[in-house]
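Shown here: work_27.csv, CSV, C-alpha atoms and all ligand atoms.
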chain,number,residue,atom,x,y,z
O,1,MET,CA,48.4,-40.5,2.3
O,2,SER,CA,51.0,-37.8,2.2
O,3,PHE,CA,50.4,-34.6,0.2
O,4,TYR,CA,51.9,-31.2,-0.1
O,5,LEU,CA,49.9,-28.4,1.5
O,6,SER,CA,50.7,-25.0,0.1
O,7,PRO,CA,49.1,-22.0,1.9
O,8,SER,CA,48.5,-19.1,-0.4
O,9,PHE,CA,50.2,-15.8,0.5
O,10,LEU,CA,47.4,-14.0,-1.3
O,11,SER,CA,45.3,-14.3,1.8
O,12,ALA,CA,48.2,-13.4,4.2
O,13,ASP,CA,48.7,-10.1,5.8
O,14,PHE,CA,50.9,-8.2,3.3
O,15,SER,CA,51.8,-5.6,6.0
O,16,ALA,CA,53.5,-8.4,8.0
O,17,LEU,CA,55.1,-10.7,5.4
O,18,ARG,CA,58.0,-11.6,7.6
O,19,GLN,CA,55.8,-12.6,10.5
O,20,GLU,CA,53.5,-14.6,8.2
O,21,THR,CA,56.5,-16.4,6.7
O,22,GLU,CA,57.9,-17.3,10.1
O,23,MET,CA,54.5,-18.4,11.2
O,24,LEU,CA,54.3,-20.8,8.2
O,25,ASN,CA,57.9,-22.0,8.8
O,26,ALA,CA,56.8,-23.2,12.2
O,27,SER,CA,53.6,-24.7,10.9
O,28,ALA,CA,52.8,-28.1,9.3
O,29,ALA,CA,52.7,-26.5,5.8
O,30,ASP,CA,54.9,-28.0,3.2
O,31,TRP,CA,55.3,-25.2,0.6
O,32,PHE,CA,54.5,-21.5,0.3
O,33,HIS,CA,52.2,-20.7,-2.6
O,34,ILE,CA,53.1,-17.4,-4.2
O,35,ASP,CA,50.5,-15.9,-6.6
O,36,ILE,CA,52.0,-13.5,-9.2
O,37,MET,CA,49.4,-11.5,-11.1
O,38,ASP,CA,50.0,-8.9,-13.8
O,39,GLY,CA,46.6,-7.2,-14.3
O,40,HIS,CA,46.5,-8.6,-17.9
O,41,PHE,CA,46.3,-12.3,-17.8
O,42,VAL,CA,44.1,-11.9,-14.7
O,43,PRO,CA,42.1,-8.8,-13.6
O,44,ASN,CA,44.2,-8.3,-10.5
O,45,ILE,CA,47.8,-7.3,-9.6
O,46,THR,CA,49.8,-8.7,-6.7
O,47,PHE,CA,53.6,-8.3,-6.6
O,48,GLY,CA,56.7,-9.3,-8.4
O,49,PRO,CA,60.2,-10.7,-7.8
O,50,PRO,CA,61.5,-8.1,-5.3
O,51,VAL,CA,58.7,-8.8,-2.8
O,52,MET,CA,59.0,-12.5,-3.4
O,53,LYS,CA,62.7,-12.2,-2.7
O,54,ALA,CA,61.9,-10.7,0.7
O,55,ILE,CA,59.7,-13.7,1.5
O,56,LYS,CA,62.5,-16.0,0.4
O,57,LYS,CA,64.9,-14.4,2.8
O,58,TYR,CA,62.9,-15.9,5.7
O,59,ALA,CA,61.2,-18.9,4.1
O,60,LYS,CA,62.5,-22.3,5.2
O,61,LYS,CA,60.2,-24.2,2.9
O,62,PRO,CA,60.0,-24.4,-1.0
O,63,LEU,CA,58.4,-21.5,-2.8
O,64,ASP,CA,55.6,-22.8,-5.1
O,65,VAL,CA,55.3,-19.9,-7.5
O,66,HIS,CA,52.1,-19.5,-9.6
O,67,LEU,CA,52.7,-17.1,-12.5
O,68,MET,CA,49.4,-15.5,-13.7
O,69,ILE,CA,51.1,-13.3,-16.2
O,70,GLU,CA,51.2,-13.0,-20.0
O,71,GLN,CA,54.3,-14.2,-21.8
O,72,PRO,CA,55.9,-15.7,-18.6
O,73,GLU,CA,59.0,-16.7,-20.6
O,74,ARG,CA,60.2,-13.1,-20.3
O,75,TYR,CA,60.5,-13.4,-16.5
O,76,LEU,CA,61.8,-16.9,-15.8
O,77,SER,CA,65.3,-15.9,-14.8
O,78,ALA,CA,63.9,-13.1,-12.6
O,79,PHE,CA,61.9,-15.6,-10.6
O,80,ALA,CA,64.8,-18.0,-10.5
O,81,GLU,CA,66.9,-15.3,-9.0
O,82,ALA,CA,64.2,-14.3,-6.6
O,83,GLY,CA,64.2,-17.9,-5.2
O,84,ALA,CA,61.4,-19.9,-6.9
O,85,ASP,CA,61.7,-23.6,-6.2
O,86,TYR,CA,58.6,-24.6,-8.3
O,87,LEU,CA,57.7,-22.3,-11.1
O,88,SER,CA,54.4,-22.8,-12.8
O,89,VAL,CA,53.2,-21.1,-16.0
O,90,HIS,CA,49.7,-21.1,-17.5
O,91,ALA,CA,49.4,-23.1,-20.7
O,92,GLU,CA,47.1,-20.4,-22.0
O,93,ALA,CA,49.8,-17.7,-21.5
O,94,SER,CA,52.8,-19.3,-23.2
O,95,THR,CA,52.9,-19.8,-26.9
O,96,HIS,CA,55.9,-22.1,-26.9
O,97,LEU,CA,55.2,-24.1,-23.8
O,98,ASN,CA,57.7,-26.8,-24.5
O,99,ARG,CA,60.5,-24.3,-24.7
O,100,THR,CA,59.3,-22.4,-21.6
O,101,LEU,CA,59.2,-25.6,-19.4
O,102,ALA,CA,62.6,-26.7,-20.6
O,103,GLU,CA,64.0,-23.2,-19.7
O,104,ILE,CA,62.5,-23.4,-16.2
O,105,ARG,CA,64.3,-26.7,-15.6
O,106,ARG,CA,67.5,-25.4,-17.2
O,107,LEU,CA,67.4,-22.5,-14.7
O,108,GLY,CA,67.4,-25.1,-11.9
O,109,MET,CA,63.7,-25.0,-10.9
O,110,LYS,CA,60.9,-27.6,-11.0
O,111,ALA,CA,58.6,-26.9,-13.9
O,112,GLY,CA,54.9,-26.6,-13.5
O,113,VAL,CA,52.1,-26.0,-16.0
O,114,VAL,CA,48.7,-24.6,-15.0
O,115,LEU,CA,45.3,-24.9,-16.6
O,116,ASN,CA,42.3,-22.6,-16.3
O,117,PRO,CA,39.0,-24.2,-15.4
O,118,HIS,CA,37.8,-24.1,-19.0
O,119,THR,CA,41.0,-25.5,-20.6
O,120,PRO,CA,41.0,-29.2,-21.4
O,121,VAL,CA,43.6,-31.4,-19.8
O,122,CYS,CA,44.5,-32.9,-23.2
O,123,MET,CA,46.1,-29.5,-24.0
O,124,VAL,CA,49.1,-30.5,-22.0
O,125,GLU,CA,49.4,-34.1,-23.1
O,126,ASN,CA,52.4,-33.4,-25.3
O,127,VAL,CA,54.4,-31.6,-22.6
O,128,ILE,CA,53.5,-33.7,-19.5
O,129,GLU,CA,56.8,-35.6,-19.5
O,130,TYR,CA,58.6,-32.2,-19.3
O,131,CYS,CA,56.7,-31.1,-16.2
O,132,ASP,CA,57.2,-31.8,-12.5
O,133,LEU,CA,53.8,-30.4,-11.6
O,134,LEU,CA,50.4,-30.0,-13.1
O,135,LEU,CA,48.3,-27.4,-11.5
O,136,LEU,CA,44.5,-27.5,-12.1
O,137,MET,CA,42.7,-24.2,-11.3
O,138,SER,CA,39.5,-24.9,-9.5
O,139,VAL,CA,38.4,-21.3,-9.6
O,140,ASN,CA,38.9,-18.6,-12.3
O,141,PRO,CA,42.3,-17.2,-11.3
O,142,GLY,CA,42.6,-13.6,-10.0
O,143,PHE,CA,41.2,-13.7,-6.5
O,144,GLY,CA,41.2,-15.6,-3.3
O,145,GLY,CA,38.1,-16.8,-1.5
O,146,GLN,CA,36.1,-18.0,-4.5
O,147,LYS,CA,33.8,-21.0,-4.8
O,148,PHE,CA,35.3,-24.4,-5.9
O,149,ILE,CA,34.3,-25.4,-9.4
O,150,GLU,CA,32.9,-29.0,-9.2
O,151,ASN,CA,34.0,-30.1,-12.7
O,152,THR,CA,37.5,-30.0,-11.4
O,153,TYR,CA,37.0,-33.7,-10.4
O,154,ARG,CA,36.4,-34.6,-14.0
O,155,LYS,CA,39.7,-32.9,-15.0
O,156,LEU,CA,41.5,-34.5,-12.1
O,157,GLU,CA,40.5,-37.9,-13.3
O,158,GLN,CA,41.9,-37.1,-16.8
O,159,ALA,CA,45.1,-35.7,-15.2
O,160,VAL,CA,45.6,-38.9,-13.2
O,161,GLN,CA,45.3,-40.9,-16.5
O,162,LEU,CA,48.0,-38.7,-18.1
O,163,LYS,CA,50.2,-39.1,-15.0
O,164,GLN,CA,49.9,-42.9,-15.1
O,165,ARG,CA,50.6,-43.1,-18.8
O,166,TYR,CA,53.4,-40.6,-19.2
O,167,ASN,CA,54.8,-39.3,-16.0
O,168,PRO,CA,54.3,-41.3,-12.8
O,169,ASP,CA,56.2,-38.8,-10.7
O,170,LEU,CA,54.0,-35.9,-11.7
O,171,ILE,CA,52.6,-33.8,-8.8
O,172,ILE,CA,49.0,-32.9,-9.4
O,173,GLU,CA,48.1,-29.7,-7.5
O,174,ILE,CA,44.6,-28.1,-7.1
O,175,ASP,CA,44.2,-24.3,-6.5
O,176,GLY,CA,41.1,-22.4,-5.6
O,177,GLY,CA,38.3,-23.0,-3.1
O,178,VAL,CA,40.1,-25.8,-1.4
O,179,ASN,CA,38.8,-26.3,2.2
O,180,LEU,CA,38.5,-28.9,4.9
O,181,ASP,CA,35.3,-30.3,3.3
O,182,ASN,CA,36.7,-31.0,-0.2
O,183,THR,CA,40.2,-32.0,0.8
O,184,PRO,CA,39.5,-35.7,1.4
O,185,LYS,CA,37.7,-36.1,-1.9
O,186,LEU,CA,40.4,-34.3,-3.8
O,187,LEU,CA,43.1,-36.5,-2.3
O,188,LYS,CA,41.2,-39.7,-3.0
O,189,ALA,CA,40.7,-38.6,-6.6
O,190,GLY,CA,44.5,-38.3,-7.0
O,191,ALA,CA,45.6,-34.8,-6.1
O,192,ASN,CA,48.8,-34.8,-4.1
O,193,ALA,CA,49.3,-31.1,-3.6
O,194,LEU,CA,46.7,-28.6,-2.4
O,195,VAL,CA,46.7,-24.8,-2.3
O,196,ALA,CA,44.6,-23.1,0.3
O,197,GLY,CA,44.2,-19.4,0.9
O,198,ALA,CA,40.9,-18.3,2.5
O,199,ALA,CA,40.4,-21.7,4.2
O,200,ILE,CA,43.6,-21.3,6.1
O,201,PHE,CA,44.1,-17.6,6.7
O,202,ALA,CA,40.4,-16.9,7.7
O,203,ALA,CA,40.7,-19.4,10.5
O,204,PRO,CA,41.1,-18.0,14.0
O,205,ASP,CA,44.2,-20.2,14.6
O,206,VAL,CA,46.1,-20.5,11.3
O,207,PRO,CA,48.7,-23.2,12.4
O,208,LYS,CA,45.9,-25.3,13.9
O,209,GLN,CA,43.9,-25.1,10.7
O,210,ILE,CA,47.0,-26.1,8.7
O,211,GLU,CA,47.5,-29.1,11.0
O,212,ALA,CA,43.8,-30.0,10.6
O,213,MET,CA,44.1,-30.0,6.8
O,214,LYS,CA,47.3,-32.1,6.9
O,215,ALA,CA,45.6,-34.6,9.3
O,216,LEU,CA,42.9,-35.3,6.7
O,217,GLY,CA,45.6,-36.8,4.5
O,218,GLU,CA,46.7,-39.2,7.3
O,219,ARG,CA,43.2,-40.7,7.4
O,220,ILE,CA,43.2,-41.6,3.7
C,301,LIG,C1,43.7,-17.5,-7.3
C,301,LIG,C2,45.0,-18.0,-6.8
C,301,LIG,C3,44.9,-18.9,-5.6
C,301,LIG,C4,44.2,-18.3,-4.5
C,301,LIG,C5,43.5,-19.4,-3.8
C,301,LIG,O1,43.9,-16.8,-8.5
C,301,LIG,O2,45.7,-18.6,-7.8
C,301,LIG,O3,46.2,-19.4,-5.3
C,301,LIG,O4,45.0,-17.7,-3.5
C,301,LIG,O5,42.7,-18.9,-2.8
C,301,LIG,P1,41.5,-19.6,-2.1
C,301,LIG,O6,42.1,-20.9,-1.5
C,301,LIG,O7,41.0,-18.6,-1.1
C,301,LIG,O8,40.5,-19.9,-3.2
C,302,ZN,ZN,47.6,-19.8,-7.1

As structure tokens, how would this structure be written, given the file I've shared?
Amino acid sequence: MSFYLSPSFLSADFSALRQETEMLNASAADWFHIDIMDGHFVPNITFGPPVMKAIKKYAKKPLDVHLMIEQPERYLSAFAEAGADYLSVHAEASTHLNRTLAEIRRLGMKAGVVLNPHTPVCMVENVIEYCDLLLLMSVNPGFGGQKFIENTYRKLEQAVQLKQRYNPDLIIEIDGGVNLDNTPKLLKAGANALVAGAAIFAAPDVPKQIEAMKALGERI
């Protein structure tokens, strides 16, 4: 089965963003996962639209942008201008989620909603038709290289039910602790987009590792 593989720039070499982008362009990766952290919503800070724009300059694949920021509605147009293709906001961070998702689409991007590990899937039941993507966090957001939280499978099952009922085109993406071992199980359970940071960038041969992860999908 086909799925989108989205390597996370969080684990890339920030001193060589152009080379890392070009390496991913030439790889079997489908998207570039860009983690934006504000030091409030999560206890870590990464970078903002100007750095993302620099990545966009060389990127030949869609930017899958994950906003881990409070009140994301204040920055939607900045990320549209910086070149986001998919823009995902945390349900926990946006008071008027319906409005935020509509605005993302109005700005010409695909709209995504993200849930922290503790947030029930039913929280997004009433906005699921207005999303292109549902991202389930399988670690507590903020850092790369953490351990996958097993109850993600239970949430994935619930997400698949919502998808079948309300939005058959919905992309279900998993982020955090994804590796070669859990990839087949996640795909079988209905995920069709996977983010991977440490599992990809810690490998001695990154393009080869990306190819190995993609190949797991072909066997399902
Ligand atoms: C965590 C980020 C993830 C992170 C995943 O807050 O949202 O995208 O980069 O990294 P790994 O795959 O190393 O868990
Ligand atoms: Zn992420």

In Å to one decimal, how far is CA of Thr21 (chain O) from CA of Ala54 (chain O)? 9.9 Å

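The spacing separating CA of Arg106 (chain O) from CA of Asn126 (chain O) amounts to 18.9 Å.
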
Give me, as JSON lines, each residue of chain O that comes within 8 Å of ligand LIG 301 (chain C), together with its shortest interatomic pair and the distance in Å at one decimal, counting only C-alpha atoms and all ligand atoms, with rows ordered by chain and rising residue number.
{"residue": "O:Pro7", "atom": "CA", "partner": "C:LIG301", "partner_atom": "O6", "distance": 7.9}
{"residue": "O:Ser8", "atom": "CA", "partner": "C:LIG301", "partner_atom": "O4", "distance": 4.9}
{"residue": "O:Phe9", "atom": "CA", "partner": "C:LIG301", "partner_atom": "O4", "distance": 6.8}
{"residue": "O:Leu10", "atom": "CA", "partner": "C:LIG301", "partner_atom": "O4", "distance": 4.9}
{"residue": "O:Ser11", "atom": "CA", "partner": "C:LIG301", "partner_atom": "O4", "distance": 6.3}
{"residue": "O:His33", "atom": "CA", "partner": "C:LIG301", "partner_atom": "O3", "distance": 6.7}
{"residue": "O:Ile34", "atom": "CA", "partner": "C:LIG301", "partner_atom": "O3", "distance": 7.3}
{"residue": "O:Asp35", "atom": "CA", "partner": "C:LIG301", "partner_atom": "O2", "distance": 5.6}
{"residue": "O:Val42", "atom": "CA", "partner": "C:LIG301", "partner_atom": "O1", "distance": 7.9}
{"residue": "O:His66", "atom": "CA", "partner": "C:LIG301", "partner_atom": "O2", "distance": 6.7}
{"residue": "O:Met68", "atom": "CA", "partner": "C:LIG301", "partner_atom": "O2", "distance": 7.6}
{"residue": "O:Met137", "atom": "CA", "partner": "C:LIG301", "partner_atom": "O2", "distance": 7.3}
{"residue": "O:Val139", "atom": "CA", "partner": "C:LIG301", "partner_atom": "O8", "distance": 6.9}
{"residue": "O:Asn140", "atom": "CA", "partner": "C:LIG301", "partner_atom": "O1", "distance": 6.5}
{"residue": "O:Pro141", "atom": "CA", "partner": "C:LIG301", "partner_atom": "O1", "distance": 3.2}
{"residue": "O:Gly142", "atom": "CA", "partner": "C:LIG301", "partner_atom": "O1", "distance": 3.8}
{"residue": "O:Phe143", "atom": "CA", "partner": "C:LIG301", "partner_atom": "O1", "distance": 4.6}
{"residue": "O:Gly144", "atom": "CA", "partner": "C:LIG301", "partner_atom": "O5", "distance": 3.7}
{"residue": "O:Gly145", "atom": "CA", "partner": "C:LIG301", "partner_atom": "O7", "distance": 3.4}
{"residue": "O:Gln146", "atom": "CA", "partner": "C:LIG301", "partner_atom": "O8", "distance": 5.0}
{"residue": "O:Lys147", "atom": "CA", "partner": "C:LIG301", "partner_atom": "O8", "distance": 7.0}
{"residue": "O:Phe148", "atom": "CA", "partner": "C:LIG301", "partner_atom": "O8", "distance": 7.4}
{"residue": "O:Asp175", "atom": "CA", "partner": "C:LIG301", "partner_atom": "O3", "distance": 5.4}
{"residue": "O:Gly176", "atom": "CA", "partner": "C:LIG301", "partner_atom": "O8", "distance": 3.5}
{"residue": "O:Gly177", "atom": "CA", "partner": "C:LIG301", "partner_atom": "O8", "distance": 3.8}
{"residue": "O:Val178", "atom": "CA", "partner": "C:LIG301", "partner_atom": "O6", "distance": 5.3}
{"residue": "O:Asn179", "atom": "CA", "partner": "C:LIG301", "partner_atom": "O6", "distance": 7.3}
{"residue": "O:Val195", "atom": "CA", "partner": "C:LIG301", "partner_atom": "O6", "distance": 6.1}
{"residue": "O:Ala196", "atom": "CA", "partner": "C:LIG301", "partner_atom": "O6", "distance": 3.8}
{"residue": "O:Gly197", "atom": "CA", "partner": "C:LIG301", "partner_atom": "O6", "distance": 3.5}
{"residue": "O:Ala198", "atom": "CA", "partner": "C:LIG301", "partner_atom": "O7", "distance": 3.6}
{"residue": "O:Ala199", "atom": "CA", "partner": "C:LIG301", "partner_atom": "O6", "distance": 6.0}
{"residue": "O:Ile200", "atom": "CA", "partner": "C:LIG301", "partner_atom": "O6", "distance": 7.8}

Work out how far CA of Leu115 (chain O) is from CA of Glu150 (chain O), in Å to one decimal.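 Answer for the CA of Glu150 (chain O) to CA of Leu115 (chain O) separation: 15.0 Å.
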
Give me, as a ChimeraX atom specification, all polymer residues having an atom no more than 6 Å from Pro49 (chain O), counting all atoms listed in the file and skipping those fewer than 3 positions away in the same chain. /O:52-53,79,82

Nearest to ligand ZN 302 (chain C), chosen from O:Leu194, O:Leu180, O:Met1, O:Ala59, with all atoms listed in the file counted in the distances: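 Ranked by minimum distance to ligand ZN 302 (chain C), first place goes to O:Leu194.
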
Kindly indicate which residue among O:Pro72, O:Gly48, O:Ser138, O:Leu186 lies nearest to ligand ZN 302 (chain C), using only C-alpha atoms and all ligand atoms for the distances. O:Ser138

Which of these, O:Val65, O:Ile104, O:Ala80, O:Leu187, has the shortest distance to Ile220 (chain O) once you count all atoms listed in the file?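 That would be O:Leu187, the residue with the smallest distance to Ile220 (chain O).
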
Selected residue of minimal separation from ligand ZN 302 (chain C) among O:Val51, O:Ala111, O:Val121, O:Ile174, counting only C-alpha atoms and all ligand atoms: O:Ile174

Using the atoms already present, construct N, CA, C and O atoms for region 142-161 of chain O and hand them back as a PDB file, in the coordinates of the input.
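For reference, result.pdb as written:
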ATOM      1  N   GLY O 142      42.652 -15.099 -10.175  1.00  0.00           N
ATOM      2  CA  GLY O 142      42.600 -13.600 -10.000  1.00  0.00           C
ATOM      3  C   GLY O 142      42.342 -13.236  -8.565  1.00  0.00           C
ATOM      4  O   GLY O 142      42.841 -12.211  -8.120  1.00  0.00           O
ATOM      5  N   PHE O 143      41.579 -14.051  -7.864  1.00  0.00           N
ATOM      6  CA  PHE O 143      41.200 -13.700  -6.500  1.00  0.00           C
ATOM      7  C   PHE O 143      41.108 -14.858  -5.577  1.00  0.00           C
ATOM      8  O   PHE O 143      40.817 -15.972  -6.026  1.00  0.00           O
ATOM      9  N   GLY O 144      41.353 -14.581  -4.314  1.00  0.00           N
ATOM     10  CA  GLY O 144      41.200 -15.600  -3.300  1.00  0.00           C
ATOM     11  C   GLY O 144      39.723 -15.662  -2.868  1.00  0.00           C
ATOM     12  O   GLY O 144      38.919 -14.803  -3.236  1.00  0.00           O
ATOM     13  N   GLY O 145      39.375 -16.682  -2.115  1.00  0.00           N
ATOM     14  CA  GLY O 145      38.100 -16.800  -1.500  1.00  0.00           C
ATOM     15  C   GLY O 145      36.897 -17.074  -2.431  1.00  0.00           C
ATOM     16  O   GLY O 145      35.745 -16.801  -2.089  1.00  0.00           O
ATOM     17  N   GLN O 146      37.167 -17.652  -3.599  1.00  0.00           N
ATOM     18  CA  GLN O 146      36.100 -18.000  -4.500  1.00  0.00           C
ATOM     19  C   GLN O 146      35.590 -19.429  -4.291  1.00  0.00           C
ATOM     20  O   GLN O 146      36.243 -20.221  -3.632  1.00  0.00           O
ATOM     21  N   LYS O 147      34.453 -19.731  -4.941  1.00  0.00           N
ATOM     22  CA  LYS O 147      33.800 -21.000  -4.800  1.00  0.00           C
ATOM     23  C   LYS O 147      34.470 -22.078  -5.679  1.00  0.00           C
ATOM     24  O   LYS O 147      34.711 -21.819  -6.855  1.00  0.00           O
ATOM     25  N   PHE O 148      34.721 -23.231  -5.144  1.00  0.00           N
ATOM     26  CA  PHE O 148      35.300 -24.400  -5.900  1.00  0.00           C
ATOM     27  C   PHE O 148      34.409 -24.777  -7.045  1.00  0.00           C
ATOM     28  O   PHE O 148      33.192 -24.929  -6.884  1.00  0.00           O
ATOM     29  N   ILE O 149      35.009 -24.973  -8.217  1.00  0.00           N
ATOM     30  CA  ILE O 149      34.300 -25.400  -9.400  1.00  0.00           C
ATOM     31  C   ILE O 149      34.268 -26.929  -9.470  1.00  0.00           C
ATOM     32  O   ILE O 149      35.335 -27.555  -9.555  1.00  0.00           O
ATOM     33  N   GLU O 150      33.045 -27.508  -9.429  1.00  0.00           N
ATOM     34  CA  GLU O 150      32.900 -29.000  -9.200  1.00  0.00           C
ATOM     35  C   GLU O 150      33.482 -29.797 -10.410  1.00  0.00           C
ATOM     36  O   GLU O 150      33.903 -30.927 -10.203  1.00  0.00           O
ATOM     37  N   ASN O 151      33.490 -29.250 -11.622  1.00  0.00           N
ATOM     38  CA  ASN O 151      34.000 -30.100 -12.700  1.00  0.00           C
ATOM     39  C   ASN O 151      35.480 -30.344 -12.667  1.00  0.00           C
ATOM     40  O   ASN O 151      36.038 -31.104 -13.464  1.00  0.00           O
ATOM     41  N   THR O 152      36.116 -29.743 -11.656  1.00  0.00           N
ATOM     42  CA  THR O 152      37.500 -30.000 -11.400  1.00  0.00           C
ATOM     43  C   THR O 152      37.772 -31.538 -11.219  1.00  0.00           C
ATOM     44  O   THR O 152      38.819 -32.060 -11.610  1.00  0.00           O
ATOM     45  N   TYR O 153      36.783 -32.212 -10.623  1.00  0.00           N
ATOM     46  CA  TYR O 153      37.000 -33.700 -10.400  1.00  0.00           C
ATOM     47  C   TYR O 153      37.096 -34.428 -11.688  1.00  0.00           C
ATOM     48  O   TYR O 153      37.867 -35.377 -11.785  1.00  0.00           O
ATOM     49  N   ARG O 154      36.341 -33.990 -12.689  1.00  0.00           N
ATOM     50  CA  ARG O 154      36.400 -34.600 -14.000  1.00  0.00           C
ATOM     51  C   ARG O 154      37.822 -34.437 -14.598  1.00  0.00           C
ATOM     52  O   ARG O 154      38.436 -35.353 -15.122  1.00  0.00           O
ATOM     53  N   LYS O 155      38.324 -33.207 -14.459  1.00  0.00           N
ATOM     54  CA  LYS O 155      39.700 -32.900 -15.000  1.00  0.00           C
ATOM     55  C   LYS O 155      40.733 -33.667 -14.200  1.00  0.00           C
ATOM     56  O   LYS O 155      41.739 -34.111 -14.760  1.00  0.00           O
ATOM     57  N   LEU O 156      40.498 -33.798 -12.919  1.00  0.00           N
ATOM     58  CA  LEU O 156      41.500 -34.500 -12.100  1.00  0.00           C
ATOM     59  C   LEU O 156      41.590 -35.959 -12.520  1.00  0.00           C
ATOM     60  O   LEU O 156      42.697 -36.513 -12.603  1.00  0.00           O
ATOM     61  N   GLU O 157      40.465 -36.558 -12.837  1.00  0.00           N
ATOM     62  CA  GLU O 157      40.500 -37.900 -13.300  1.00  0.00           C
ATOM     63  C   GLU O 157      41.294 -38.055 -14.608  1.00  0.00           C
ATOM     64  O   GLU O 157      42.106 -38.969 -14.766  1.00  0.00           O
ATOM     65  N   GLN O 158      41.119 -37.083 -15.494  1.00  0.00           N
ATOM     66  CA  GLN O 158      41.900 -37.100 -16.800  1.00  0.00           C
ATOM     67  C   GLN O 158      43.367 -36.848 -16.495  1.00  0.00           C
ATOM     68  O   GLN O 158      44.229 -37.445 -17.138  1.00  0.00           O
ATOM     69  N   ALA O 159      43.657 -35.989 -15.528  1.00  0.00           N
ATOM     70  CA  ALA O 159      45.100 -35.700 -15.200  1.00  0.00           C
ATOM     71  C   ALA O 159      45.745 -36.948 -14.631  1.00  0.00           C
ATOM     72  O   ALA O 159      46.907 -37.227 -14.942  1.00  0.00           O
ATOM     73  N   VAL O 160      45.016 -37.700 -13.814  1.00  0.00           N
ATOM     74  CA  VAL O 160      45.600 -38.900 -13.200  1.00  0.00           C
ATOM     75  C   VAL O 160      45.897 -39.928 -14.362  1.00  0.00           C
ATOM     76  O   VAL O 160      46.932 -40.600 -14.333  1.00  0.00           O
ATOM     77  N   GLN O 161      45.044 -39.983 -15.360  1.00  0.00           N
ATOM     78  CA  GLN O 161      45.300 -40.900 -16.500  1.00  0.00           C
ATOM     79  C   GLN O 161      46.586 -40.477 -17.234  1.00  0.00           C
ATOM     80  O   GLN O 161      47.417 -41.322 -17.565  1.00  0.00           O
TER      81      GLN O 161
END
